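Only one structure is covered here, and it is reproduced in the block below.
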Amino acid sequence: MFFDAGARLVYRRNRFGVSAEGVLRQPMNNKGIDGTSRASFSVDYQVNQNQVLNFTFGKNFDGTVEKGGSLIAVLNFLMGFGGKRPY
């Protein structure tokens, strides 16, 4: 069993958005298992209505036994069909 705690900050101005997030994971019964963490930074741009281009860079959880993490970098293009979205 683990205890997770985290925070996320979001800033949005017109079509641009920036967010940062961090999560700490600690084991409840510490039997030789170290805690891990996750952190990410994201930038997005609303290309058109229901179309968002997003870039995320960060460090992901790397399992419960090993220390450290793997870097992640992702470029997404999200396109919605149908009604208007609030973002």
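Just so we're on the same page: first chain in the structure tokens is A, next is B, and so on; residues restart at 1 for each chain, and ligands are numbered from 1 in the order they show up.
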
Problem - Contacts of region 3-11 of chain A at 10 Å (only C-alpha atoms; same-chain gap of 6+ positions) as a PyMOL selection string - result: chain A and resi 17-29+35-43

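Using only C-alpha atoms, the shortest contact distance between Phe16 (chain A) and any of A:Ile33, A:Ala73, A:Val52, A:Met1 is found at A:Val52.
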
Exercise for the section: Grab the CA of Phe61 (chain A) to CA of Val74 (chain A) distance for me, in Å with one decimal place. Expected result: 15.6 Å
